[in-house]
Structures are given as C-alpha cells and as structure tokens.
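File shown: start_2.cif. Contents: mmCIF, C-alpha atoms and all ligand atoms.
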data_entry
loop_
_atom_site.label_atom_id
_atom_site.label_comp_id
_atom_site.auth_asym_id
_atom_site.auth_seq_id
_atom_site.Cartn_x
_atom_site.Cartn_y
_atom_site.Cartn_z
CA MET T 267 121.67 92.63 96.88
CA SER T 268 118.00 91.64 96.71
CA GLU T 269 115.80 93.67 94.40
CA LYS T 270 113.20 95.79 96.21
CA ARG T 271 109.68 94.79 95.20
CA ALA T 272 107.02 97.45 94.59
CA PRO T 273 104.08 97.11 97.00
CA LEU T 274 101.15 95.18 95.54
CA GLY T 275 98.13 97.34 94.67
CA ILE T 276 95.02 96.30 96.64
CA GLY T 277 91.36 97.04 95.95
CA VAL T 278 88.73 96.24 98.59
CA VAL T 279 85.08 95.69 97.67
CA GLY T 280 82.78 96.06 100.70
CA CYS T 281 83.53 98.61 103.43
CA GLY T 282 80.84 97.64 105.97
CA TYR T 283 81.64 96.06 109.33
CA TRP T 284 84.51 93.75 108.37
CA GLY T 285 86.03 95.41 105.25
CA PRO T 286 87.70 98.22 107.28
CA ASN T 287 89.71 95.63 109.28
CA LEU T 288 91.12 94.25 106.04
CA ILE T 289 91.75 97.76 104.70
CA ARG T 290 93.63 98.72 107.88
CA ASN T 291 95.88 95.65 107.67
CA PHE T 292 96.71 96.00 103.97
CA HIS T 293 97.29 99.72 104.56
CA GLN T 294 99.77 98.94 107.36
CA LEU T 295 101.71 96.17 105.62
CA ARG T 296 104.84 97.18 103.75
CA GLY T 297 104.20 94.83 100.86
CA SER T 298 100.87 96.35 99.87
CA ARG T 299 99.25 99.66 99.06
CA VAL T 300 95.48 100.14 99.23
CA VAL T 301 94.62 101.78 95.91
CA GLN T 302 90.83 101.80 95.71
CA LEU T 303 87.75 100.95 97.76
CA ALA T 304 84.27 100.13 96.47
CA ASP T 305 80.94 100.13 98.28
CA LEU T 306 77.35 100.71 97.18
CA ASP T 307 76.88 102.94 100.22
CA GLU T 308 78.36 106.42 99.69
CA LYS T 309 78.30 107.11 103.44
CA ARG T 310 80.69 104.21 104.02
CA LEU T 311 82.95 105.53 101.26
CA ASN T 312 82.92 109.04 102.76
CA HIS T 313 83.96 107.59 106.10
CA MET T 314 86.79 105.64 104.44
CA GLU T 315 87.95 108.79 102.57
CA GLU T 316 88.29 110.54 105.92
CA LEU T 317 90.49 107.72 107.23
CA TYR T 318 92.51 107.21 104.02
CA PRO T 319 92.44 110.47 101.99
CA GLU T 320 94.93 109.14 99.40
CA VAL T 321 92.72 106.18 98.42
CA GLN T 322 90.35 106.27 95.41
CA THR T 323 86.72 105.27 95.97
CA THR T 324 83.85 104.11 93.76
CA THR T 325 80.32 102.77 94.06
CA ASP T 326 80.94 100.54 91.03
CA TYR T 327 83.11 97.49 91.79
CA GLU T 328 83.52 96.87 88.02
CA GLN T 329 85.55 100.07 87.85
CA LEU T 330 87.74 98.81 90.71
CA VAL T 331 88.44 95.41 89.14
CA GLN T 332 89.50 97.14 85.88
CA ASN T 333 91.90 99.51 87.69
CA ASP T 334 95.41 98.90 86.28
CA GLU T 335 97.07 99.94 89.55
CA ILE T 336 95.37 97.05 91.33
CA ASP T 337 97.00 93.60 91.51
CA ALA T 338 94.65 91.95 93.98
CA VAL T 339 91.02 92.36 95.02
CA VAL T 340 89.69 91.68 98.52
CA VAL T 341 85.98 90.79 98.61
CA ALA T 342 84.22 91.77 101.86
CA THR T 343 80.63 92.09 100.65
CA PRO T 344 77.76 89.95 101.98
CA VAL T 345 78.21 86.34 100.80
CA ASP T 346 75.57 86.59 98.05
CA ARG T 347 77.93 88.86 96.10
CA HIS T 348 81.17 86.92 96.67
CA ALA T 349 81.00 84.79 93.52
CA GLU T 350 80.00 87.65 91.21
CA VAL T 351 82.67 90.07 92.46
CA GLY T 352 85.35 87.38 92.81
CA LEU T 353 84.74 86.10 89.29
CA ALA T 354 84.85 89.60 87.78
CA ALA T 355 88.15 90.25 89.57
CA LEU T 356 89.71 86.95 88.42
CA GLN T 357 88.53 87.56 84.85
CA ALA T 358 90.22 90.97 84.99
CA GLY T 359 93.46 89.15 85.91
CA LYS T 360 93.50 90.04 89.62
CA HIS T 361 94.41 87.81 92.54
CA VAL T 362 91.48 87.39 94.96
CA LEU T 363 91.06 87.15 98.72
CA VAL T 364 87.41 86.43 99.45
CA GLU T 365 85.87 86.59 102.91
CA LYS T 366 84.30 83.57 104.57
CA PRO T 367 82.06 81.84 103.67
CA MET T 368 83.64 81.62 100.23
CA THR T 369 80.35 81.53 98.28
CA ARG T 370 76.65 80.76 98.72
CA THR T 371 76.88 77.46 96.79
CA SER T 372 79.53 74.84 96.08
CA GLU T 373 78.90 75.33 92.36
CA GLU T 374 79.92 78.99 92.68
CA ALA T 375 83.00 77.98 94.68
CA ARG T 376 84.04 75.55 91.93
CA ARG T 377 83.65 78.29 89.30
CA LEU T 378 86.01 80.55 91.24
CA ILE T 379 88.54 77.72 91.67
CA ASP T 380 88.43 76.91 87.92
CA GLU T 381 88.77 80.56 86.92
CA ALA T 382 91.73 81.12 89.25
CA LYS T 383 93.43 78.01 87.87
CA LYS T 384 92.77 79.00 84.26
CA ARG T 385 94.22 82.47 84.84
CA ASP T 386 97.02 81.33 87.16
CA ARG T 387 95.88 83.71 89.91
CA VAL T 388 95.95 83.26 93.69
CA LEU T 389 92.55 82.55 95.20
CA MET T 390 92.42 82.62 98.98
CA VAL T 391 89.56 82.48 101.50
CA GLY T 392 89.48 84.55 104.71
CA HIS T 393 89.34 81.67 107.20
CA VAL T 394 91.00 83.93 109.71
CA PHE T 395 91.14 81.47 112.64
CA GLU T 396 93.50 79.26 110.66
CA PHE T 397 96.00 82.09 110.99
CA THR T 398 95.83 82.23 114.79
CA GLU T 399 98.75 80.93 116.79
CA SER T 400 96.24 79.04 118.97
CA VAL T 401 94.92 76.94 116.10
CA ARG T 402 98.47 76.31 114.86
CA LYS T 403 99.49 75.16 118.34
CA CYS T 404 96.36 72.94 118.64
CA LYS T 405 97.29 71.37 115.34
CA SER T 406 100.86 70.64 116.39
CA ILE T 407 99.59 69.12 119.69
CA LEU T 408 97.20 66.91 117.70
CA ASP T 409 99.75 66.00 115.04
CA ASP T 410 102.42 64.94 117.51
CA GLY T 411 100.00 62.45 119.08
CA THR T 412 99.82 64.16 122.51
CA LEU T 413 96.05 63.65 122.75
CA GLY T 414 96.17 60.03 121.57
CA ASP T 415 93.19 58.91 119.48
CA LEU T 416 90.74 61.76 119.09
CA TYR T 417 87.32 60.78 120.51
CA TYR T 418 85.26 63.91 120.03
CA ILE T 419 85.34 67.67 119.52
CA ASN T 420 82.91 70.20 120.96
CA SER T 421 82.95 73.67 119.40
CA GLN T 422 80.81 76.59 120.59
CA ARG T 423 80.49 80.11 119.18
CA LEU T 424 77.83 82.02 121.07
CA ASN T 425 77.05 85.69 121.63
CA LEU T 426 74.23 88.22 121.76
CA GLY T 427 74.15 89.15 118.03
CA LEU T 428 75.41 90.40 115.74
CA PHE T 429 72.21 89.54 113.85
CA ARG T 430 72.31 89.35 110.05
CA ASN T 431 69.42 89.18 107.59
CA ASP T 432 71.27 87.78 104.57
CA VAL T 433 72.31 84.44 106.14
CA ASN T 434 71.39 82.38 109.19
CA VAL T 435 73.61 81.95 112.24
CA ILE T 436 75.18 78.79 110.78
CA TRP T 437 76.41 80.55 107.62
CA ASP T 438 77.56 83.50 109.71
CA LEU T 439 79.45 81.81 112.56
CA ALA T 440 79.99 78.12 111.78
CA PRO T 441 82.44 78.73 108.87
CA HIS T 442 84.92 79.57 111.64
CA ASP T 443 84.29 76.28 113.48
CA PHE T 444 84.25 74.21 110.29
CA SER T 445 87.47 75.75 108.96
CA ILE T 446 89.18 75.21 112.34
CA LEU T 447 87.99 71.58 112.48
CA LEU T 448 88.97 70.77 108.92
CA ASN T 449 92.34 72.41 109.43
CA LEU T 450 92.99 70.49 112.68
CA LEU T 451 91.97 67.23 111.05
CA GLY T 452 94.32 67.83 108.12
CA GLY T 453 91.63 68.10 105.48
CA LYS T 454 89.78 64.94 106.67
CA ARG T 455 86.17 65.47 105.63
CA PRO T 456 83.00 64.62 107.57
CA ARG T 457 80.96 61.71 106.24
CA GLY T 458 77.66 62.99 107.61
CA VAL T 459 76.20 66.23 108.89
CA ARG T 460 73.07 66.92 110.96
CA ALA T 461 71.71 70.35 111.89
CA ILE T 462 68.89 71.49 114.11
CA GLY T 463 68.05 75.17 114.41
CA ALA T 464 65.35 77.60 115.47
CA SER T 465 64.36 81.17 114.60
CA HIS T 466 63.20 83.46 117.40
CA ILE T 467 63.83 87.08 116.41
CA ASN T 468 63.46 86.99 112.61
CA PRO T 469 61.10 84.14 111.67
CA GLN T 470 62.92 83.52 108.37
CA VAL T 471 66.42 83.24 109.81
CA GLU T 472 67.71 80.64 112.30
CA ASP T 473 69.41 82.40 115.19
CA VAL T 474 70.40 79.30 117.22
CA ALA T 475 71.65 75.96 115.90
CA THR T 476 73.39 72.76 116.88
CA MET T 477 75.17 70.48 114.45
CA THR T 478 76.98 67.16 114.49
CA LEU T 479 79.65 66.15 112.02
CA ASP T 480 80.66 62.49 112.00
CA PHE T 481 83.93 61.24 110.59
CA ASP T 482 85.36 57.85 109.68
CA GLY T 483 86.71 55.97 112.70
CA GLY T 484 84.05 57.12 115.17
CA LEU T 485 85.21 60.71 115.63
CA VAL T 486 82.30 63.08 116.12
CA ALA T 487 82.25 66.89 116.33
CA PHE T 488 79.45 68.87 117.98
CA VAL T 489 79.15 72.48 116.86
CA GLN T 490 76.83 74.98 118.52
CA VAL T 491 76.30 78.54 117.25
CA SER T 492 74.01 81.26 118.56
CA TRP T 493 73.19 84.95 118.24
CA LEU T 494 71.00 84.64 121.33
CA ASP T 495 73.27 84.00 124.25
CA PRO T 496 73.94 86.23 127.24
CA LYS T 497 77.67 85.54 127.18
CA LYS T 498 80.30 85.51 124.45
CA VAL T 499 81.71 81.99 124.10
CA ARG T 500 84.29 80.86 121.56
CA GLN T 501 85.56 77.53 122.71
CA THR T 502 86.72 74.28 121.16
CA VAL T 503 87.28 71.20 123.34
CA LEU T 504 89.24 68.25 121.95
CA VAL T 505 89.01 65.00 123.88
CA GLY T 506 91.49 62.25 123.13
CA SER T 507 92.33 58.86 124.59
CA LYS T 508 95.43 60.23 126.38
CA LYS T 509 94.83 63.93 127.01
CA MET T 510 92.25 66.67 126.56
CA LEU T 511 92.67 70.19 125.21
CA ILE T 512 90.54 73.31 125.64
CA TYR T 513 90.99 76.22 123.24
CA ASN T 514 89.22 79.25 124.69
CA ASP T 515 89.58 82.13 122.26
CA ILE T 516 88.01 84.64 124.66
CA GLU T 517 90.97 84.36 127.06
CA PRO T 518 93.38 87.20 126.25
CA THR T 519 96.58 85.18 126.73
CA GLU T 520 95.96 81.72 128.27
CA LYS T 521 93.94 80.42 125.35
CA LEU T 522 95.02 76.76 125.44
CA TRP T 523 94.71 74.43 128.43
CA LEU T 524 96.10 70.94 128.08
CA TYR T 525 94.64 68.48 130.61
CA ASP T 526 96.58 65.32 131.33
CA ARG T 527 93.35 63.46 131.99
CA SER T 528 91.83 60.32 130.58
CA VAL T 529 89.59 57.41 131.41
CA GLU T 530 90.19 53.74 130.73
CA GLY T 531 88.12 50.59 130.93
CA PRO T 532 89.76 47.20 131.69
CA ALA T 533 91.00 44.86 128.99
CA GLU T 534 88.90 41.98 130.43
CA TYR T 535 85.89 41.70 132.74
CA GLU T 536 83.34 39.02 133.54
CA THR T 537 80.17 40.86 134.48
CA TYR T 538 78.96 44.32 133.66
CA ALA T 539 78.89 45.18 137.38
CA GLN T 540 82.60 44.46 137.64
CA PHE T 541 83.45 46.89 134.89
CA PRO T 542 85.96 49.17 136.61
CA TYR T 543 86.94 52.48 135.10
CA THR T 544 90.29 54.08 135.75
CA TYR T 545 90.33 57.86 135.84
CA ARG T 546 93.64 59.63 135.47
CA TYR T 547 94.01 63.19 136.79
CA GLY T 548 97.38 64.66 135.89
CA ASP T 549 98.73 68.18 135.45
CA ILE T 550 97.16 71.00 133.54
CA THR T 551 99.58 72.92 131.33
CA VAL T 552 99.07 76.19 129.51
CA PRO T 553 101.20 76.41 126.36
CA ARG T 554 102.51 79.87 125.52
CA ILE T 555 100.78 81.57 122.62
CA GLY T 556 102.14 84.70 120.91
CA GLY T 557 99.96 87.71 120.26
CA ALA T 558 100.21 88.40 116.50
CA GLU T 559 96.97 89.77 114.98
CA PRO T 560 95.58 86.87 112.91
CA LEU T 561 94.14 89.16 110.24
CA ARG T 562 97.56 90.71 109.71
CA THR T 563 99.10 87.22 109.40
CA GLU T 564 96.34 86.31 106.92
CA ALA T 565 96.91 89.47 104.84
CA GLN T 566 100.69 88.91 104.84
CA HIS T 567 100.17 85.29 103.77
CA PHE T 568 98.05 86.46 100.82
CA LEU T 569 100.81 88.85 99.70
CA ASP T 570 103.47 86.13 100.15
CA CYS T 571 101.47 83.69 98.04
CA ILE T 572 101.09 86.26 95.24
CA ASN T 573 104.82 87.03 95.31
CA SER T 574 106.01 83.42 95.56
CA GLY T 575 103.30 81.55 93.64
CA LYS T 576 102.74 79.37 96.73
CA THR T 577 99.29 77.82 97.30
CA PRO T 578 97.55 79.55 100.22
CA LEU T 579 96.85 77.63 103.43
CA THR T 580 93.20 78.60 102.99
CA ASP T 581 92.91 78.13 99.22
CA GLY T 582 89.76 77.79 97.13
CA HIS T 583 89.51 74.07 97.90
CA SER T 584 89.46 74.69 101.64
CA GLY T 585 86.76 77.32 101.05
CA LEU T 586 84.79 74.80 98.99
CA ARG T 587 85.01 72.13 101.72
CA VAL T 588 83.48 74.55 104.21
CA VAL T 589 80.73 75.58 101.77
CA GLU T 590 79.86 71.90 101.19
CA VAL T 591 79.36 71.39 104.92
CA LEU T 592 77.27 74.59 105.10
CA GLU T 593 75.08 73.42 102.20
CA SER T 594 74.50 70.12 103.93
CA THR T 595 73.39 71.96 107.10
CA ASP T 596 70.73 73.75 104.97
CA ARG T 597 69.50 70.40 103.68
CA SER T 598 69.48 68.86 107.15
CA LEU T 599 67.57 71.85 108.61
CA SER T 600 64.93 71.54 105.89
CA GLU T 601 64.66 67.78 106.53
CA GLY T 602 64.12 68.16 110.29
CA GLY T 603 67.67 67.35 111.33
CA ALA T 604 68.20 64.34 109.06
CA ARG T 605 71.76 63.07 108.56
CA ILE T 606 73.07 64.29 105.20
CA GLU T 607 75.86 62.24 103.70
CA LEU T 608 78.78 64.04 102.15
CA PRO T 609 80.66 62.64 99.17
CA ALA T 610 83.83 60.78 100.20
N1 LIG V 1 86.55 86.80 109.11
C1 LIG V 1 85.71 87.26 110.01
O1 LIG V 1 85.89 87.09 111.22
C2 LIG V 1 84.51 88.03 109.54
C3 LIG V 1 83.79 88.82 110.45
C4 LIG V 1 82.67 89.50 109.98
C5 LIG V 1 82.28 89.38 108.66
N2 LIG V 1 83.00 88.59 107.82
C6 LIG V 1 82.59 88.41 106.41
O2 LIG V 1 82.82 89.63 105.72
C7 LIG V 1 81.81 89.82 104.73
C8 LIG V 1 81.15 91.16 104.98
O3 LIG V 1 80.52 91.13 106.23
P1 LIG V 1 80.14 92.48 106.99
O4 LIG V 1 79.74 92.06 108.36
O5 LIG V 1 81.22 93.49 106.83
O6 LIG V 1 78.83 92.92 106.17
P2 LIG V 1 78.23 94.38 106.05
O7 LIG V 1 76.86 94.21 105.55
O8 LIG V 1 78.49 95.16 107.32
O9 LIG V 1 79.13 95.08 104.92
C9 LIG V 1 79.08 94.68 103.58
C10 LIG V 1 79.32 95.93 102.73
O10 LIG V 1 79.35 95.50 101.36
C11 LIG V 1 78.71 96.50 100.60
N3 LIG V 1 78.25 95.91 99.32
C12 LIG V 1 77.25 95.02 99.12
N4 LIG V 1 77.16 94.71 97.81
C13 LIG V 1 78.13 95.40 97.19
C14 LIG V 1 78.54 95.51 95.83
N5 LIG V 1 77.93 94.83 94.86
N6 LIG V 1 79.56 96.35 95.53
C15 LIG V 1 80.18 97.06 96.51
N7 LIG V 1 79.83 97.00 97.82
C16 LIG V 1 78.83 96.18 98.15
C17 LIG V 1 77.56 96.97 101.48
O11 LIG V 1 77.11 98.26 101.09
C18 LIG V 1 78.22 96.96 102.85
O12 LIG V 1 78.78 98.21 103.20
C19 LIG V 1 80.86 88.64 104.85
O13 LIG V 1 81.23 87.67 103.93
C20 LIG V 1 81.11 88.12 106.26
O14 LIG V 1 80.83 86.75 106.40
C21 LIG V 1 84.10 87.94 108.23
#
Let's see the structure in the file written out as structure tokens.
Ligand SMILES: NC(=O)c1ccc[n+]([C@@H]2O[C@H](COP(=O)([O-])OP(=O)(O)OC[C@H]3O[C@@H](n4cnc5c(N)ncnc54)[C@H](O)[C@@H]3O)[C@@H](O)[C@H]2O)c1
Amino acid sequence: MSEKRAPLGIGVVGCGYWGPNLIRNFHQLRGSRVVQLADLDEKRLNHMEELYPEVQTTTDYEQLVQNDEIDAVVVATPVDRHAEVGLAALQAGKHVLVEKPMTRTSEEARRLIDEAKKRDRVLMVGHVFEFTESVRKCKSILDDGTLGDLYYINSQRLNLGLFRNDVNVIWDLAPHDFSILLNLLGGKRPRGVRAIGASHINPQVEDVATMTLDFDGGLVAFVQVSWLDPKKVRQTVLVGSKKMLIYNDIEPTEKLWLYDRSVEGPAEYETYAQFPYTYRYGDITVPRIGGAEPLRTEAQHFLDCINSGKTPLTDGHSGLRVVEVLESTDRSLSEGGARIELPA
C-alpha cells in the first residue's frame, strides 16, 4: 500500500491581479495546502481572508519565508521584486515557483539558479503557455517533421491594455511568446534580436513593439506585442516547407489549424521569367485539444517536481533564456532597433 503524502505547504507572495489565480489552483489541488499569503497592500489581504478564512496573512514576506509550515513559496509580485523574494525563500530552504519574467536581469536569474542548486531546491518559472495542450500539440507536430523545414514563425499578442507602469509591453507580454518559441524549438536559442517600439500613453513605457529573432539555418521569428489594439489577438503561425500551422489561443476549442499547403520553386530554370512556382492547396485539419486549465497543470507540475526531485519543464535555465532575450530587446530599443547578438 502506498504511503499517503501530507499536502505541501504553500506560501504566496503577491496577491494582486495574477496571485489569486495561483492561490485558487494550489488551494484546489489535493497535494498542496495554502498556508500563508503576503502582500504589502492590506486591502488585498483582507479580500483574500474573505475568500480563504483559514489562511494566515502578512504584509512582511520575510515572515512568510520563515514559516515552518511552508515548503514552497510562489512569487507573484511585480518583476522588480522577484529576485529579492525568490532568493530569500531559497535561502530559507523553500522551493520556489516564480512568475514570468523570472527576473529583471540575467545576473539575478543566475543567482537564483545557483542558490537553488546549492540548496537542492526546486526552482520553476511560471511560463504558463508551456503547460497548455495546444503548445504541447504544436511541439509534437513540429518534432515529428509534419511541417518539414521550418521557414518562419509569426507570433502576435495584442489587446487593449492591461497597461503596466513597472515594465514595458515587451517585458509584460513577450515572455509568453519567447517561452513558447524556445519550447517549440527545443531550447534552440536565437543568434540575434532586434526590437522597435513606441510609447503613446505613458511616455516612459513602450506600449507597442515589434521584434525579430533570427536563428541558425535561416529561421526567423517575428513577434508583435501591443497594449493598444482594438482586438485581442494571441496567435502563432508556423510556416514550414511542407505544411503550415496556426495556433490561435483565443479560439475556445479549435485552437490549432494545420494547413496542408506549401509552395515550391523548380529544381532548374534558365531565365528568371521562366521561374515557375508550384502552389499546393490541400486539406485543413483541426487537431483535438483537451481543455485542462494550464495554470492547474503548471501548479501540479511544480508539486510533482518537489515530490519526485524531477527538473521542471520550465526550470531556472528556461527562465534565464527568456530574460536574456528580453534584455537584448532593451538594448536594441535603446540602439534604434539595432541587431543585438546573443551568446551561442
Ligand atoms: N502567467 C501569466 O499569464 C501572468 C499574467 C499576469 C501577470 N503575471 C505575472 O505575475 C506577476 C504579478 O503581476 P500582477 O499583474 O498580479 O501585478 P499586480 O501589481 O496586480 O500585483 C502584484 C502584487 O504584489 C504586491 N507586492 C509588491 N511588492 C511586494 C512585496 N515586497 N511583498 C509582498 N507583496 C508585494 C503588490 O502589493 C500587488 O498586490 C508579474 O510578474 C507578472 O508578470 C503573469
């Protein structure tokens, strides 16, 4: 008979917009118990106490990370606080799940990775889209060669708001696109990054931006993010030599559309005018995607990694890779869209 494990004690720092979604999921999962919540804002804590009367609250996250009933700390503060809170939690011997983007700098990300390694604790980053069935299905379609050679990727994440003051639209939205891309490409890293952005509402903060990421072998990814669009768009298009795939996250059920379409040039031709193209228009198929809540899958994965000692899918290194791309977008923006090379 298998031994019944006690639920892991969870503390959540940051109960603003996103924190409550994490709290709800850890509260609902059998393998965890939300023990304590921390936020600087007492009003947020009062609201949380109404929803979860059994949970302790504090305005001092240091008190939470020292709580003996807590095994793991979830960091859902603005990104400027991620490194400080995450480090304090790791130093107190807790496992850490930190929201995206992992940290404000790659140096901070490396410190968290080193501390987690030193203390043998799980460090995971909340790249929630990597836990969607759609991204998993896209990856299996890519990995089995269905699309052929990948030519380019076009990823768009547009909406009206939600405006932030602490980071620009790239740091807010593009971590999702970058983590999806890096996941789909199996950890392959871009060689160069360019970013162009503009600020319209708050002069200090870019609210629209377009980026290109180029990879070895000619693959290029275009990423567009905006807080200033009339319509919500969350779409990634993958164009290969054999087929093309659209992942539209806004669609409630039919999120993936696989187009059996391609274009070919001839093997030989004599003059440019003779250059004939062959267009192939085949069927469109819509693979079935299940409806599990990705945040629940992410939270369960964090608990499983703590219990089994497994490395998370979205570990500190995957968080670092995304932060490195984000840092290079800052440099490119400040250099008028120049191409910034990333280390191999
Ligand atoms: N995975 C996703 O899809 C997703 C979506 C939205 C936000 N996020 C991420 O979640 C994090 C939080 O974003 P948000 O939109 O909830 O921000 P928010 O500003 O709404 O909430 C942050 C909360 O943290 C609290 N806080 C700040 N410093 C603190 C400290 N030192 N100790 C305790 N509490 C502190 C604030 O009082 C606030 O209530 C960010 O990293 C963001 O990028 C992720």
From T:Ala382, T:Val301, T:Leu524, T:Leu479, residue lying nearest T:Leu274 [only C-alpha atoms]: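 Distance minimum relative to T:Leu274 lands on T:Val301.
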Nearest to ligand LIG 1 (chain V), restricted to all atoms listed in the file and choosing among T:Asn431, T:Gln357, T:Gln332, T:Thr478, comes out as T:Asn431
Leaving out T:Ala342 and any residue of its chain fewer than 5 positions from it, which residues lie within 6 Å of it when counting all atoms listed in the file, given as a PyMOL selection string? chain T and resi 279-280+285+365
Any chance you could export the current selection's C-alpha atoms as a PDB file, in the coordinates of the input?
ATOM      1  CA  VAL T 279      85.080  95.690  97.670  1.00  0.00           C
ATOM      2  CA  GLY T 280      82.780  96.060 100.700  1.00  0.00           C
ATOM      3  CA  GLY T 285      86.030  95.410 105.250  1.00  0.00           C
ATOM      4  CA  GLU T 365      85.870  86.590 102.910  1.00  0.00           C
TER       5      GLU T 365
END
Within 12 Å of (82.7, 63.5, 105.7), all atoms listed in the file: residues as a VMD selection string?
chain T and resid 444 447 to 448 451 453 to 460 478 to 487 587 to 588 590 to 591 594 605 to 610
Output file for the residues above (C-alpha atoms, as a CSV table (one decimal), keeping the file's coordinate frame):
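part.csv was written with the following content:
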chain,number,residue,atom,x,y,z
T,444,PHE,CA,84.2,74.2,110.3
T,447,LEU,CA,88.0,71.6,112.5
T,448,LEU,CA,89.0,70.8,108.9
T,451,LEU,CA,92.0,67.2,111.0
T,453,GLY,CA,91.6,68.1,105.5
T,454,LYS,CA,89.8,64.9,106.7
T,455,ARG,CA,86.2,65.5,105.6
T,456,PRO,CA,83.0,64.6,107.6
T,457,ARG,CA,81.0,61.7,106.2
T,458,GLY,CA,77.7,63.0,107.6
T,459,VAL,CA,76.2,66.2,108.9
T,460,ARG,CA,73.1,66.9,111.0
T,478,THR,CA,77.0,67.2,114.5
T,479,LEU,CA,79.6,66.2,112.0
T,480,ASP,CA,80.7,62.5,112.0
T,481,PHE,CA,83.9,61.2,110.6
T,482,ASP,CA,85.4,57.8,109.7
T,483,GLY,CA,86.7,56.0,112.7
T,484,GLY,CA,84.0,57.1,115.2
T,485,LEU,CA,85.2,60.7,115.6
T,486,VAL,CA,82.3,63.1,116.1
T,487,ALA,CA,82.2,66.9,116.3
T,587,ARG,CA,85.0,72.1,101.7
T,588,VAL,CA,83.5,74.6,104.2
T,590,GLU,CA,79.9,71.9,101.2
T,591,VAL,CA,79.4,71.4,104.9
T,594,SER,CA,74.5,70.1,103.9
T,605,ARG,CA,71.8,63.1,108.6
T,606,ILE,CA,73.1,64.3,105.2
T,607,GLU,CA,75.9,62.2,103.7
T,608,LEU,CA,78.8,64.0,102.2
T,609,PRO,CA,80.7,62.6,99.2
T,610,ALA,CA,83.8,60.8,100.2
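Neighbours of ligand LIG 1 (chain V) at a cut-off of 7 Å, computed so that all atoms listed in the file are counted, are the residues Val279, Gly280, Cys281, Gly282, Tyr283, Trp284, Gly285, Ala304, Asp305, Leu306, Asp307, Arg310, Thr325, Asp326, Tyr327, Ala342, Thr343, Pro344, Val345, Arg347, Glu365, Lys366, Pro367, Gly392, His393, Val394 and Asp438 of chain T.
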In terms of only C-alpha atoms, the residue from T:Ile572, T:Ile446, T:Leu356, T:Val364 at minimal distance from T:Val341 is T:Val364
Shortest contact to T:Ile462, candidates T:Leu317, T:Leu504, T:Leu592, T:Met477, atoms counted only C-alpha atoms, goes to T:Met477
Notebook entry, point to check: For T:Arg554, which residue out of T:Val388, T:Ala440, T:Leu579, T:Leu522 is the nearest one, using all atoms listed in the file?
Noted result: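 Distance minimum relative to T:Arg554 lands on T:Leu522.
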Extract, using all atoms listed in the file, all DNA, RNA and protein residues at most 12 Å from T:Glu559, discarding same-chain residues fewer than 4 positions from it, and format them as a PyMOL selection string.
-> chain T and resi 287-288+290-291+394-400+555+563-566
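Across the model, the gap from atom CA of T:Val351 to atom CA of T:Asp443 is 25.2 Å.
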**Item:** Nearest to T:Ala464 by atom-to-atom distance, counting all atoms listed in the file, from T:Tyr547, T:Phe568, T:Trp493, T:Phe488
**Value:**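 Smallest distance to T:Ala464 is found for T:Trp493.
Between atom CA of T:Leu586 and atom CA of T:Glu381 the separation is 14.0 Å.
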Can you tell me which residues surround T:Ile336 at a distance of at most 12 Å, considering all atoms listed in the file, apart from same-chain residues fewer than 2 positions away, and format the answer as an MDAnalysis selection string? chainID T and resid 273:278 298:303 321:322 329:334 338:340 355:356 358:362
Just-selected residues, C-alpha atoms written as a compact mmCIF listing (two decimals), in the coordinates of the input:
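Output file again.txt is given in full below:
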# COMPACT_ATOMS: atom_id res chain seq x y z
CA PRO T 273 104.08 97.11 97.00
CA LEU T 274 101.15 95.18 95.54
CA GLY T 275 98.13 97.34 94.67
CA ILE T 276 95.02 96.30 96.64
CA GLY T 277 91.36 97.04 95.95
CA VAL T 278 88.73 96.24 98.59
CA SER T 298 100.87 96.35 99.87
CA ARG T 299 99.25 99.66 99.06
CA VAL T 300 95.48 100.14 99.23
CA VAL T 301 94.62 101.78 95.91
CA GLN T 302 90.83 101.80 95.71
CA LEU T 303 87.75 100.95 97.76
CA VAL T 321 92.72 106.18 98.42
CA GLN T 322 90.35 106.27 95.41
CA GLN T 329 85.55 100.07 87.85
CA LEU T 330 87.74 98.81 90.71
CA VAL T 331 88.44 95.41 89.14
CA GLN T 332 89.50 97.14 85.88
CA ASN T 333 91.90 99.51 87.69
CA ASP T 334 95.41 98.90 86.28
CA ALA T 338 94.65 91.95 93.98
CA VAL T 339 91.02 92.36 95.02
CA VAL T 340 89.69 91.68 98.52
CA ALA T 355 88.15 90.25 89.57
CA LEU T 356 89.71 86.95 88.42
CA ALA T 358 90.22 90.97 84.99
CA GLY T 359 93.46 89.15 85.91
CA LYS T 360 93.50 90.04 89.62
CA HIS T 361 94.41 87.81 92.54
CA VAL T 362 91.48 87.39 94.96
May I have the protein, DNA and RNA residues with any atom at most 6 Å from the point (75.5, 82.9, 120.4), counting only C-alpha atoms, written as a list of chain:residue names?
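These residues have at least one counted atom within 6 Å: T:Arg423, T:Leu424, T:Asn425, T:Leu426, T:Val491, T:Ser492, T:Trp493, T:Leu494, T:Asp495.
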Next on the checklist: I'd like the neighbourhood of T:Asp515 as a PyMOL selection string, where a residue qualifies if any of its atoms comes within 8 Å (using all atoms listed in the file), though same-chain residues fewer than 6 positions away should be ignored.
Outcome noted: chain T and resi 500-501+521
